[in-house]
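Shown below: structure.tsv, with TSV, C-alpha atoms.
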```tsv
chain	number	residue	atom	x	y	z
A	847	MET	CA	-1.49	-35.48	28.38
A	848	GLN	CA	2.28	-35.86	28.21
A	849	ARG	CA	4.35	-33.44	30.24
A	850	ARG	CA	5.97	-31.87	27.17
A	851	HIS	CA	2.53	-31.22	25.64
A	852	LEU	CA	1.38	-29.65	28.88
A	853	LEU	CA	4.40	-27.35	28.96
A	854	GLN	CA	3.82	-26.35	25.34
A	855	THR	CA	0.20	-25.53	26.10
A	856	LEU	CA	1.09	-23.47	29.16
A	857	ALA	CA	3.81	-21.63	27.25
A	858	ALA	CA	1.21	-20.64	24.64
A	859	ALA	CA	-1.28	-19.44	27.25
A	860	PRO	CA	-0.52	-15.97	28.60
A	861	LEU	CA	-1.03	-15.52	32.32
A	862	ALA	CA	-3.41	-12.84	33.56
A	863	MET	CA	-2.01	-11.46	36.78
A	864	SER	CA	-3.27	-9.35	39.62
A	865	GLY	CA	-2.58	-5.64	39.48
A	866	ALA	CA	-1.92	-2.76	41.81
A	867	ARG	CA	-3.84	0.51	41.83
A	868	LEU	CA	-6.71	0.98	39.40
A	869	PHE	CA	-6.85	3.92	37.07
A	870	ALA	CA	-9.97	5.20	35.33
A	871	ALA	CA	-12.22	2.33	34.31
A	872	GLY	CA	-14.57	2.22	31.36
A	873	ALA	CA	-14.40	3.27	27.74
A	874	ASP	CA	-12.91	6.67	28.55
A	875	ARG	CA	-9.85	5.39	30.40
A	876	PRO	CA	-6.50	6.47	28.94
A	877	ARG	CA	-4.59	4.05	26.75
A	878	PHE	CA	-0.87	3.91	25.97
A	879	LEU	CA	0.98	1.72	23.45
A	880	LEU	CA	4.77	1.62	23.08
A	881	VAL	CA	6.06	0.57	19.65
A	882	PHE	CA	9.75	-0.36	19.71
A	883	LEU	CA	11.60	-0.34	16.37
A	884	ARG	CA	14.45	-2.76	17.06
A	885	GLY	CA	17.63	-2.24	15.08
A	886	GLY	CA	18.12	1.50	15.42
A	887	TYR	CA	16.10	3.04	12.60
A	888	ASP	CA	17.44	5.91	10.51
A	889	ALA	CA	15.52	8.83	11.99
A	890	THR	CA	17.28	11.34	9.76
A	891	ASN	CA	15.46	9.98	6.71
A	892	LEU	CA	12.18	9.87	8.61
A	893	LEU	CA	12.11	13.49	9.78
A	894	ILE	CA	14.17	15.33	7.20
A	895	PRO	CA	15.91	18.66	8.05
A	896	THR	CA	14.97	20.40	4.82
A	897	SER	CA	15.78	24.04	5.56
A	898	GLY	CA	19.58	23.81	5.35
A	899	SER	CA	22.13	22.30	2.99
A	900	PHE	CA	24.08	20.25	5.56
A	901	TYR	CA	21.81	17.18	5.34
A	902	TYR	CA	22.07	17.09	1.55
A	903	GLU	CA	25.82	17.52	1.62
A	904	GLN	CA	26.25	14.58	3.99
A	905	ARG	CA	23.84	12.24	2.19
A	906	PRO	CA	24.46	12.68	-1.53
A	907	ARG	CA	23.01	9.26	-2.49
A	908	ILE	CA	20.25	8.53	0.04
A	909	ALA	CA	18.84	11.97	0.88
A	910	ILE	CA	15.14	12.73	0.47
A	911	ALA	CA	14.55	15.73	-1.80
A	912	ARG	CA	13.15	18.97	-0.43
A	913	PRO	CA	9.36	19.27	-0.59
A	914	SER	CA	8.06	19.84	-4.09
A	915	PRO	CA	4.45	19.79	-5.31
A	916	THR	CA	5.56	18.15	-8.55
A	917	ASP	CA	7.80	15.44	-7.07
A	918	ALA	CA	6.03	12.53	-5.36
A	919	ALA	CA	9.38	11.26	-4.08
A	920	SER	CA	10.15	14.48	-2.21
A	921	ALA	CA	9.71	15.12	1.50
A	922	LEU	CA	6.25	16.00	2.83
A	923	ALA	CA	6.44	19.48	4.35
A	924	LEU	CA	5.63	19.58	8.07
A	925	ASN	CA	6.90	23.12	8.65
A	926	ALA	CA	9.61	25.42	7.37
A	927	ASP	CA	12.40	23.28	8.83
A	928	TRP	CA	11.25	19.68	8.68
A	929	GLY	CA	9.76	17.26	6.17
A	930	LEU	CA	8.43	13.70	6.47
A	931	HIS	CA	9.44	10.66	4.43
A	932	PRO	CA	7.11	10.30	1.41
A	933	ALA	CA	6.37	6.65	2.28
A	934	LEU	CA	4.06	8.02	5.00
A	935	ARG	CA	2.02	10.16	2.60
A	936	ASN	CA	-1.20	8.16	2.96
A	937	SER	CA	-0.85	7.00	6.56
A	938	VAL	CA	0.90	9.12	9.20
A	939	PHE	CA	1.12	12.37	7.23
A	940	PRO	CA	-2.68	12.91	7.24
A	941	LEU	CA	-2.62	12.33	11.01
A	942	ALA	CA	0.09	14.96	11.35
A	943	GLN	CA	-1.95	17.40	9.28
A	944	ALA	CA	-4.92	16.74	11.60
A	945	GLY	CA	-2.78	17.39	14.69
A	946	GLN	CA	-2.79	13.70	15.64
A	947	ALA	CA	0.91	12.95	15.07
A	948	ARG	CA	3.97	14.78	16.37
A	949	PHE	CA	7.68	14.08	16.10
A	950	LEU	CA	10.37	14.57	18.73
A	951	PRO	CA	13.86	14.91	17.22
A	952	PHE	CA	17.01	14.77	19.35
A	953	ALA	CA	15.36	12.15	21.56
A	954	GLY	CA	16.90	9.11	23.19
A	955	THR	CA	19.00	7.87	26.08
A	956	GLU	CA	22.33	8.86	27.58
A	957	ASP	CA	23.61	5.32	26.94
A	958	LEU	CA	26.63	5.61	24.61
A	959	SER	CA	27.44	1.97	23.94
A	960	ARG	CA	26.00	2.04	20.39
A	961	SER	CA	25.29	-1.66	20.92
A	962	HIS	CA	21.83	-2.83	19.87
A	963	PHE	CA	21.43	-5.19	22.79
A	964	GLU	CA	22.97	-3.01	25.48
A	965	THR	CA	21.03	0.07	24.46
A	966	GLN	CA	17.75	-1.80	24.05
A	967	ASP	CA	18.22	-3.25	27.53
A	968	SER	CA	19.13	0.15	28.92
A	969	ILE	CA	16.01	1.78	27.49
A	970	GLU	CA	13.67	-1.01	28.55
A	971	LEU	CA	15.03	-1.00	32.09
A	972	GLY	CA	14.66	2.78	32.39
A	973	GLN	CA	17.18	2.85	35.22
A	974	PRO	CA	20.10	5.28	35.70
A	975	VAL	CA	22.92	4.59	33.24
A	976	GLY	CA	26.24	3.73	34.85
A	977	GLY	CA	24.90	2.24	38.05
A	978	SER	CA	24.02	-1.32	38.94
A	979	ARG	CA	21.04	-2.64	37.00
A	980	ASP	CA	18.13	-4.78	38.06
A	981	TYR	CA	17.20	-6.83	35.00
A	982	ASN	CA	13.98	-7.88	36.70
A	983	SER	CA	12.57	-4.35	36.78
A	984	GLY	CA	11.49	-2.82	33.47
A	985	PHE	CA	9.95	0.64	33.33
A	986	LEU	CA	6.60	-0.54	31.92
A	987	ASN	CA	6.28	-3.02	34.76
A	988	ARG	CA	6.85	-0.19	37.20
A	989	LEU	CA	4.24	1.87	35.37
A	990	ALA	CA	1.80	-1.05	35.57
A	991	ALA	CA	2.40	-1.14	39.33
A	992	GLU	CA	1.15	2.45	39.49
A	993	LEU	CA	-1.86	1.70	37.28
A	994	ASP	CA	-3.47	-1.71	36.84
A	995	ALA	CA	-1.58	-4.78	35.67
A	996	GLN	CA	-4.81	-6.50	34.66
A	997	GLN	CA	-5.17	-3.90	31.91
A	998	ALA	CA	-1.59	-4.40	30.63
A	999	LEU	CA	-0.61	-6.78	27.82
A	1000	SER	CA	2.58	-7.30	25.86
A	1001	PHE	CA	1.76	-8.16	22.25
A	1002	THR	CA	4.87	-10.33	21.91
A	1003	ASP	CA	5.82	-13.99	21.98
A	1004	GLN	CA	8.14	-13.43	24.93
A	1005	LEU	CA	7.73	-10.90	27.71
A	1006	PRO	CA	10.10	-7.98	26.95
A	1007	ILE	CA	12.49	-6.57	29.51
A	1008	ALA	CA	10.35	-3.42	29.71
A	1009	PHE	CA	7.53	-5.48	31.26
A	1010	ARG	CA	9.66	-7.63	33.57
A	1011	GLY	CA	9.21	-7.16	37.27
A	1012	PRO	CA	7.32	-8.09	40.41
A	1013	VAL	CA	3.97	-7.13	38.89
A	1014	ARG	CA	3.25	-10.05	36.61
A	1015	ILE	CA	2.10	-9.08	33.11
A	1016	ALA	CA	0.32	-11.10	30.45
A	1017	ASN	CA	1.95	-11.53	27.04
A	1018	ALA	CA	0.49	-12.95	23.85
A	1019	GLY	CA	2.03	-13.26	20.41
A	1020	LEU	CA	-0.83	-12.14	18.18
A	1021	ARG	CA	-0.17	-14.63	15.39
A	1022	GLU	CA	-0.32	-17.49	17.87
A	1023	THR	CA	-3.21	-16.07	19.90
A	1024	ALA	CA	-5.45	-15.91	16.86
A	1025	ARG	CA	-5.45	-19.72	16.77
A	1026	PRO	CA	-8.15	-21.70	18.60
A	1027	ALA	CA	-7.89	-21.75	22.39
A	1028	VAL	CA	-7.30	-24.88	24.46
A	1029	ASP	CA	-10.38	-27.10	24.18
A	1030	ALA	CA	-12.63	-27.75	27.17
A	1031	LYS	CA	-11.32	-31.28	27.81
A	1032	ASN	CA	-7.67	-30.25	27.96
A	1033	ARG	CA	-8.50	-27.14	29.96
A	1034	ALA	CA	-10.25	-29.25	32.60
A	1035	LEU	CA	-7.31	-31.67	32.65
A	1036	ILE	CA	-4.77	-28.88	33.10
A	1037	ALA	CA	-6.85	-27.23	35.82
A	1038	SER	CA	-7.19	-30.52	37.72
A	1039	MET	CA	-3.42	-31.10	37.60
A	1040	TYR	CA	-2.80	-27.76	39.31
A	1041	GLN	CA	-5.79	-27.75	41.63
A	1042	GLY	CA	-4.74	-26.86	45.17
A	1043	GLN	CA	-1.24	-25.83	44.09
A	1044	SER	CA	0.24	-22.33	44.25
A	1045	LEU	CA	0.20	-22.03	40.45
A	1046	GLY	CA	-3.40	-23.17	40.14
A	1047	ALA	CA	-5.00	-19.73	40.12
A	1048	SER	CA	-2.47	-18.33	37.65
A	1049	VAL	CA	-2.90	-21.27	35.29
A	1050	GLU	CA	-6.69	-20.93	35.37
A	1051	GLU	CA	-6.48	-17.18	34.79
A	1052	GLY	CA	-4.03	-17.72	31.95
A	1053	LEU	CA	-6.29	-20.19	30.19
A	1054	ALA	CA	-9.25	-17.85	30.64
A	1055	LEU	CA	-7.27	-14.99	29.12
A	1056	ARG	CA	-6.21	-17.21	26.23
A	1057	GLU	CA	-9.88	-17.89	25.49
A	1058	GLU	CA	-10.73	-14.20	25.76
A	1059	LEU	CA	-7.99	-13.25	23.28
A	1060	ALA	CA	-9.00	-16.02	20.91
A	1061	ARG	CA	-12.59	-14.76	20.93
A	1062	ASP	CA	-11.52	-11.18	20.27
A	1063	LEU	CA	-9.27	-12.30	17.42
A	1064	SER	CA	-11.57	-14.97	15.96
A	1065	PRO	CA	-11.85	-15.23	12.16
A	1066	ASP	CA	-15.34	-13.68	12.22
A	1067	ARG	CA	-14.17	-10.73	14.31
A	1068	MET	CA	-11.07	-10.28	12.13
A	1069	LYS	CA	-12.75	-10.65	8.71
A	1070	THR	CA	-13.23	-6.92	8.24
A	1071	MET	CA	-9.55	-6.33	9.01
A	1072	THR	CA	-8.40	-9.01	6.57
A	1073	ASP	CA	-10.56	-7.59	3.78
A	1074	ALA	CA	-9.26	-4.08	4.42
A	1075	ALA	CA	-5.68	-5.32	4.41
A	1076	GLY	CA	-6.20	-7.06	1.08
A	1077	ARG	CA	-7.55	-3.90	-0.53
A	1078	ASN	CA	-4.52	-2.01	0.68
A	1079	ALA	CA	-2.16	-4.62	-0.83
A	1080	ILE	CA	-0.70	-5.44	2.60
A	1081	PRO	CA	-0.19	-9.19	3.22
A	1082	ALA	CA	-1.99	-10.76	6.17
A	1083	LYS	CA	1.32	-11.28	7.95
A	1084	GLY	CA	2.17	-7.56	7.68
A	1085	PHE	CA	2.28	-5.10	10.53
A	1086	GLU	CA	-1.01	-3.47	9.58
A	1087	LEU	CA	-3.03	-6.57	10.43
A	1088	GLU	CA	-1.10	-7.08	13.65
A	1089	ALA	CA	-1.64	-3.43	14.59
A	1090	ARG	CA	-5.37	-3.75	13.97
A	1091	ARG	CA	-5.43	-6.78	16.24
A	1092	ILE	CA	-3.75	-4.70	18.92
A	1093	ALA	CA	-6.40	-2.02	18.52
A	1094	THR	CA	-9.13	-4.66	18.81
A	1095	LEU	CA	-7.75	-5.75	22.18
A	1096	MET	CA	-7.23	-2.17	23.35
A	1097	ARG	CA	-10.88	-1.47	22.64
A	1098	GLY	CA	-11.56	-3.88	25.48
A	1099	ARG	CA	-9.88	-4.03	28.87
A	1100	PHE	CA	-6.25	-3.68	27.79
A	1101	SER	CA	-5.01	-0.12	28.15
A	1102	LEU	CA	-1.24	-0.48	28.43
A	1103	GLY	CA	0.64	-2.32	25.69
A	1104	PHE	CA	4.00	-3.03	24.05
A	1105	ILE	CA	4.89	-4.28	20.57
A	1106	ASP	CA	8.26	-4.48	18.83
A	1107	VAL	CA	9.09	-4.45	15.12
A	1108	GLY	CA	12.44	-5.62	13.74
A	1109	GLY	CA	14.41	-5.03	10.56
A	1110	TRP	CA	15.81	-1.51	11.02
A	1111	ASP	CA	19.58	-2.10	10.95
A	1112	THR	CA	20.29	-0.57	7.53
A	1113	HIS	CA	24.06	-0.62	7.06
A	1114	VAL	CA	23.88	-1.48	3.35
A	1115	ASN	CA	21.63	-0.24	0.51
A	1116	GLN	CA	19.26	1.57	2.82
A	1117	GLY	CA	17.59	3.44	-0.02
A	1118	GLY	CA	16.14	6.92	-0.09
A	1119	ALA	CA	12.59	7.72	-1.18
A	1120	THR	CA	12.30	4.05	-2.17
A	1121	GLY	CA	14.06	0.91	-0.99
A	1122	GLN	CA	14.17	-1.22	2.13
A	1123	LEU	CA	13.82	1.58	4.68
A	1124	ALA	CA	10.99	3.22	2.73
A	1125	ASN	CA	9.18	-0.13	2.64
A	1126	ARG	CA	9.44	-0.48	6.40
A	1127	PHE	CA	8.17	3.07	6.92
A	1128	GLU	CA	5.20	2.36	4.70
A	1129	GLU	CA	4.33	-0.84	6.54
A	1130	VAL	CA	4.60	0.68	10.01
A	1131	GLY	CA	2.79	3.82	8.90
A	1132	ARG	CA	-0.17	1.85	7.64
A	1133	GLY	CA	-0.26	-0.11	10.86
A	1134	LEU	CA	-0.27	3.01	12.99
A	1135	ALA	CA	-3.01	4.58	10.89
A	1136	GLY	CA	-4.88	1.28	11.20
A	1137	ILE	CA	-4.84	1.57	14.99
A	1138	ALA	CA	-6.49	4.99	14.78
A	1139	ASP	CA	-9.05	3.67	12.32
A	1140	GLU	CA	-9.81	0.55	14.33
A	1141	LEU	CA	-10.24	2.37	17.64
A	1142	GLY	CA	-12.52	5.02	16.16
A	1143	PRO	CA	-12.52	8.75	17.00
A	1144	ASP	CA	-13.76	8.50	20.59
A	1145	LEU	CA	-11.26	5.88	21.79
A	1146	TRP	CA	-8.46	7.35	19.65
A	1147	ARG	CA	-8.84	10.58	21.66
A	1148	GLN	CA	-8.02	8.60	24.81
A	1149	THR	CA	-4.99	6.89	23.25
A	1150	THR	CA	-1.33	7.77	22.78
A	1151	VAL	CA	1.12	5.68	20.77
A	1152	MET	CA	4.84	6.33	21.20
A	1153	VAL	CA	7.26	4.93	18.59
A	1154	ILE	CA	10.87	4.68	19.74
A	1155	SER	CA	14.12	2.92	18.81
A	1156	GLU	CA	17.29	2.13	20.73
A	1157	PHE	CA	19.26	4.84	18.90
A	1158	GLY	CA	19.41	6.79	15.69
A	1159	ARG	CA	22.03	6.35	12.99
A	1160	THR	CA	24.98	8.30	11.72
A	1161	PHE	CA	24.08	11.61	10.16
A	1162	ARG	CA	26.43	10.94	7.27
A	1163	GLU	CA	25.79	8.05	4.90
A	1164	ASN	CA	28.46	5.35	4.76
A	1165	GLY	CA	30.28	3.88	1.77
A	1166	ASN	CA	27.63	1.18	1.30
A	1167	ARG	CA	24.72	3.57	0.72
A	1168	GLY	CA	23.57	2.96	4.27
A	1169	THR	CA	24.04	4.31	7.78
A	1170	ASP	CA	25.74	3.03	10.92
A	1171	HIS	CA	24.93	2.96	14.63
A	1172	GLY	CA	24.32	6.41	16.06
A	1173	HIS	CA	22.98	8.13	19.15
A	1174	GLY	CA	20.02	10.55	19.14
A	1175	SER	CA	16.82	9.55	17.35
A	1176	VAL	CA	13.36	10.84	16.46
A	1177	TYR	CA	10.36	9.58	18.43
A	1178	TRP	CA	6.83	9.57	17.05
A	1179	LEU	CA	3.79	10.37	19.17
A	1180	LEU	CA	0.32	9.68	17.82
A	1181	GLY	CA	-3.12	10.07	19.31
A	1182	GLY	CA	-6.48	11.71	18.86
A	1183	GLY	CA	-6.10	13.95	21.88
A	1184	LEU	CA	-2.73	15.59	21.24
A	1185	ALA	CA	-2.40	19.23	22.19
A	1186	SER	CA	-1.94	21.89	19.56
A	1187	GLY	CA	1.56	23.15	19.01
A	1188	GLY	CA	2.80	22.00	15.64
A	1189	PRO	CA	4.04	18.67	14.27
A	1190	VAL	CA	7.57	18.84	15.76
A	1191	ALA	CA	8.09	19.11	19.52
A	1192	GLY	CA	10.83	19.16	22.13
A	1193	ASP	CA	14.18	20.91	22.37
A	1194	GLN	CA	15.88	21.38	19.01
A	1195	ILE	CA	19.06	22.86	17.53
A	1196	ALA	CA	20.23	23.68	14.03
A	1197	LEU	CA	22.11	20.78	12.45
A	1198	THR	CA	25.66	21.68	11.49
A	1199	ALA	CA	29.05	19.99	11.61
A	1200	THR	CA	29.70	21.55	15.02
A	1201	SER	CA	26.35	20.62	16.55
A	1202	LEU	CA	26.58	16.88	15.79
A	1203	PHE	CA	27.36	14.66	18.76
A	1204	GLN	CA	30.96	13.43	18.47
A	1205	ASN	CA	30.91	14.81	14.92
A	1206	ARG	CA	28.66	12.00	13.72
A	1207	ASP	CA	25.22	11.73	15.39
A	1208	TYR	CA	22.15	13.56	16.58
A	1209	PRO	CA	22.73	14.74	20.15
A	1210	VAL	CA	20.14	13.75	22.76
A	1211	LEU	CA	18.36	16.84	24.03
A	1212	ASN	CA	15.11	15.11	25.05
A	1213	ASP	CA	15.69	12.20	27.40
A	1214	TYR	CA	13.05	9.54	26.77
A	1215	ARG	CA	12.40	8.98	30.46
A	1216	ALA	CA	11.77	12.66	31.11
A	1217	VAL	CA	9.54	12.93	28.03
A	1218	LEU	CA	7.49	9.86	28.93
A	1219	GLY	CA	7.26	11.04	32.53
A	1220	GLY	CA	5.80	14.36	31.43
A	1221	LEU	CA	3.39	12.62	29.05
A	1222	TRP	CA	2.17	10.17	31.68
A	1223	GLN	CA	1.80	12.88	34.28
A	1224	ARG	CA	-0.78	14.46	32.00
A	1225	GLN	CA	-2.32	11.27	30.63
A	1226	PHE	CA	-2.58	9.19	33.80
A	1227	GLY	CA	-2.37	11.94	36.42
A	1228	LEU	CA	0.69	10.36	38.05
A	1229	SER	CA	2.29	12.28	40.88
A	1230	ASN	CA	5.96	13.23	40.98
A	1231	GLU	CA	6.46	10.52	43.60
A	1232	ALA	CA	4.90	7.87	41.33
A	1233	LEU	CA	7.01	8.98	38.38
A	1234	THR	CA	10.12	8.74	40.54
A	1235	ARG	CA	9.26	5.11	41.17
A	1236	VAL	CA	8.84	4.52	37.42
A	1237	PHE	CA	11.98	6.45	36.40
A	1238	PRO	CA	14.31	6.81	39.40
A	1239	GLY	CA	16.29	10.03	39.49
A	1240	VAL	CA	14.54	11.62	36.49
A	1241	ARG	CA	12.54	14.83	36.55
A	1242	PRO	CA	9.50	14.77	34.20
A	1243	LYS	CA	9.75	17.03	31.16
A	1244	ASP	CA	6.33	18.41	30.35
A	1245	LEU	CA	6.27	19.16	26.62
A	1246	ARG	CA	2.48	19.71	26.76
A	1247	LEU	CA	1.99	16.91	24.27
A	1248	ILE	CA	-1.59	16.21	25.32
```
Using the file provided, produce a representation of the structure as structure tokens.
Amino acid sequence: MQRRHLLQTLAAAPLAMSGARLFAAGADRPRFLLVFLRGGYDATNLLIPTSGSFYYEQRPRIAIARPSPTDAASALALNADWGLHPALRNSVFPLAQAGQARFLPFAGTEDLSRSHFETQDSIELGQPVGGSRDYNSGFLNRLAAELDAQQALSFTDQLPIAFRGPVRIANAGLRETARPAVDAKNRALIASMYQGQSLGASVEEGLALREELARDLSPDRMKTMTDAAGRNAIPAKGFELEARRIATLMRGRFSLGFIDVGGWDTHVNQGGATGQLANRFEEVGRGLAGIADELGPDLWRQTTVMVISEFGRTFRENGNRGTDHGHGSVYWLLGGGLASGGPVAGDQIALTATSLFQNRDYPVLNDYRAVLGGLWQRQFGLSNEALTRVFPGVRPKDLRLI
């Protein structure tokens, strides 16, 4: 085997690494998946403030109409103050009605750069803003150090910053992983080349994990998913199929995961009830509902899925029927074991010209680190000391989400 072929093979094989402390083993162990919408999605057209006139005054061309039983393009009523984008009518909205989806407005980070890359990095690092940063220490890696790295997997082609750190984490792009694993001859050759070397154990574990993932995502195992996706008019390359693959792996030993979805930077022709943003909402919504369906009721009760983005967008529409980089956002939390308390959670304020941050954006009232810390304290039973190691200098905010 030529060296370049060897390197290509190793790059395609995720490495299974040793972990730290174990958390609950077996089918009833808690599961957490972080879904990162890269590009700063327009949260204001996801969770619509329907009770006042300010939203409609500021978005004359892209606003979503107030809930109406006769208008399929109108917002889906969550409560007296908030509505949901109609693209989620058949996916996330039924979960919200069943108490399995909640939304956290005014959420985000104190980072004010409004730069995609800087803010994404800031969130994934989870370190204090303004101080020196360690780009080799992401907050999910620190969480894995408190749990079990062998049960953590990044469903991405490249390991994200959130999972970087001393605890080595496996990553696997799902489209690539679904292909056949390295054959027995080449596996033996690779193993022999690294026998007795420091990387030997990691290479062998990586190849074994590659085979495990390929088995779990084999055509026979995935046939049901493909058929279901075809009936729902979602192409095989869509997020729904990828989300169902994630759920397949999280039915097994993987309990901590990360996936990112691009295409949310909607400066021009964003659309309202229909259009490019609505299409993305529909695709992601079907994928999230697919995770619940694929896991089944029992495992879904042990699972939480948090959907975040680097920032929200301007409250006012721009001159190109779109929105620009903002600050506060809306996070989604889904799971079968959410606590009662209504579909919208966290600290909130009435939206007026004077309550906007810098007269343009949602303010951040619910820091993502504090919110996640409170969630994980309940879900994983982490102590205050452990949470301080995951999010230095942050006090957990218990919103009683689960």
Residue nearest Gln904 of chain A - candidates A:Thr1002, A:Thr890, A:Thr1112, A:Ser1101, atoms counted: all atoms listed in the file: A:Thr890
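The nearest approach to Gly1084 of chain A among the residues A:Ser1186, A:Ala1008, A:Asn1125, A:Ser961, with all atoms listed in the file taken into account, belongs to A:Asn1125.
Note that the spacing between atom CA of Pro1012 of chain A and atom CA of Asp874 of chain A amounts to 27.7 Å.
Atom CA of Arg1010 of chain A is found 20.9 Å from atom CA of Leu1095 of chain A.
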For the interface of segment 1087-1106 of chain A with segment 1152-1167 of chain A (cut-off 12 Å, counting all atoms listed in the file), please tabulate each contacting residue of segment 1087-1106 of chain A alongside its nearest pair of atoms and their separation in Å to one decimal, rows sorted by chain and increasing number, as a tab-separated table.
```
residue	atom	partner	partner_atom	distance
A:Leu1102	CA	A:Met1152	CA	11.6
A:Gly1103	CA	A:Met1152	CA	10.6
A:Phe1104	CA	A:Met1152	CA	9.8
A:Ile1105	CA	A:Val1153	CA	9.7
A:Asp1106	CA	A:Ser1155	CA	9.4
```
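Between atom CA of Arg960 of chain A and atom CA of Phe900 of chain A there is a distance of 23.6 Å.
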Contact residues around Gln1148 of chain A with all atoms listed in the file at 7 Å, ignoring same-chain residues under 2 positions, as a PyMOL selection string: chain A and resi 874-877+1145-1146+1182-1183
Protein/DNA/RNA residues near (-5.3, -3.7, 22.0), cut 9 Å, only C-alpha atoms, as a PyMOL selection string: chain A and resi 879+999+1001+1089-1103+1137+1141
Please provide the set of residues having any atom within 6 Å of Phe985 of chain A, restricted to only C-alpha atoms, with same-chain residues fewer than 2 positions apart removed, written as a PDB file with C-alpha atoms, in the coordinates of the input.
```pdb
ATOM      1  CA  LEU A 971      15.030  -1.000  32.090  1.00  0.00           C
ATOM      2  CA  GLY A 972      14.660   2.780  32.390  1.00  0.00           C
ATOM      3  CA  ASN A 987       6.280  -3.020  34.760  1.00  0.00           C
ATOM      4  CA  ARG A 988       6.850  -0.190  37.200  1.00  0.00           C
ATOM      5  CA  ALA A1008      10.350  -3.420  29.710  1.00  0.00           C
ATOM      6  CA  VAL A1236       8.840   4.520  37.420  1.00  0.00           C
TER       7      VAL A1236
END
```
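You can rank A:Arg948, A:Arg1126, A:Arg1014, A:Arg1235 by their closest distance to Ala1191 of chain A using only C-alpha atoms, and at the top of that list sits A:Arg948.
With distances restricted to all atoms listed in the file, A:Thr1150 is the closest residue to Arg1224 of chain A from A:Thr1150, A:Thr896, A:Asn1017, A:Gln996.
Minimum distance to Gly945 of chain A across A:Gly977, A:Ala1185, A:Tyr1214, A:Leu1228 (counting all atoms listed in the file) occurs at A:Ala1185.
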Contacts of Ile910 of chain A at 6 Å (all atoms listed in the file; same-chain gap of 6+ positions) as a PDB file with C-alpha atoms, in the coordinates of the input:
```
ATOM      1  CA  SER A 920      10.150  14.480  -2.210  1.00  0.00           C
ATOM      2  CA  GLY A1118      16.140   6.920  -0.090  1.00  0.00           C
ATOM      3  CA  ALA A1119      12.590   7.720  -1.180  1.00  0.00           C
TER       4      ALA A1119
END
```
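Closest approach to Leu1123 of chain A among A:Val1151, A:Leu922, A:Val881, A:Ala933: A:Ala933, based on all atoms listed in the file.
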Non-local contacts of Pro1189 of chain A (12 Å; only C-alpha atoms; under 4 positions in same chain excluded) as a PyMOL selection string: chain A and resi 893+922-930+938-951+1177-1180+1184-1185+1247
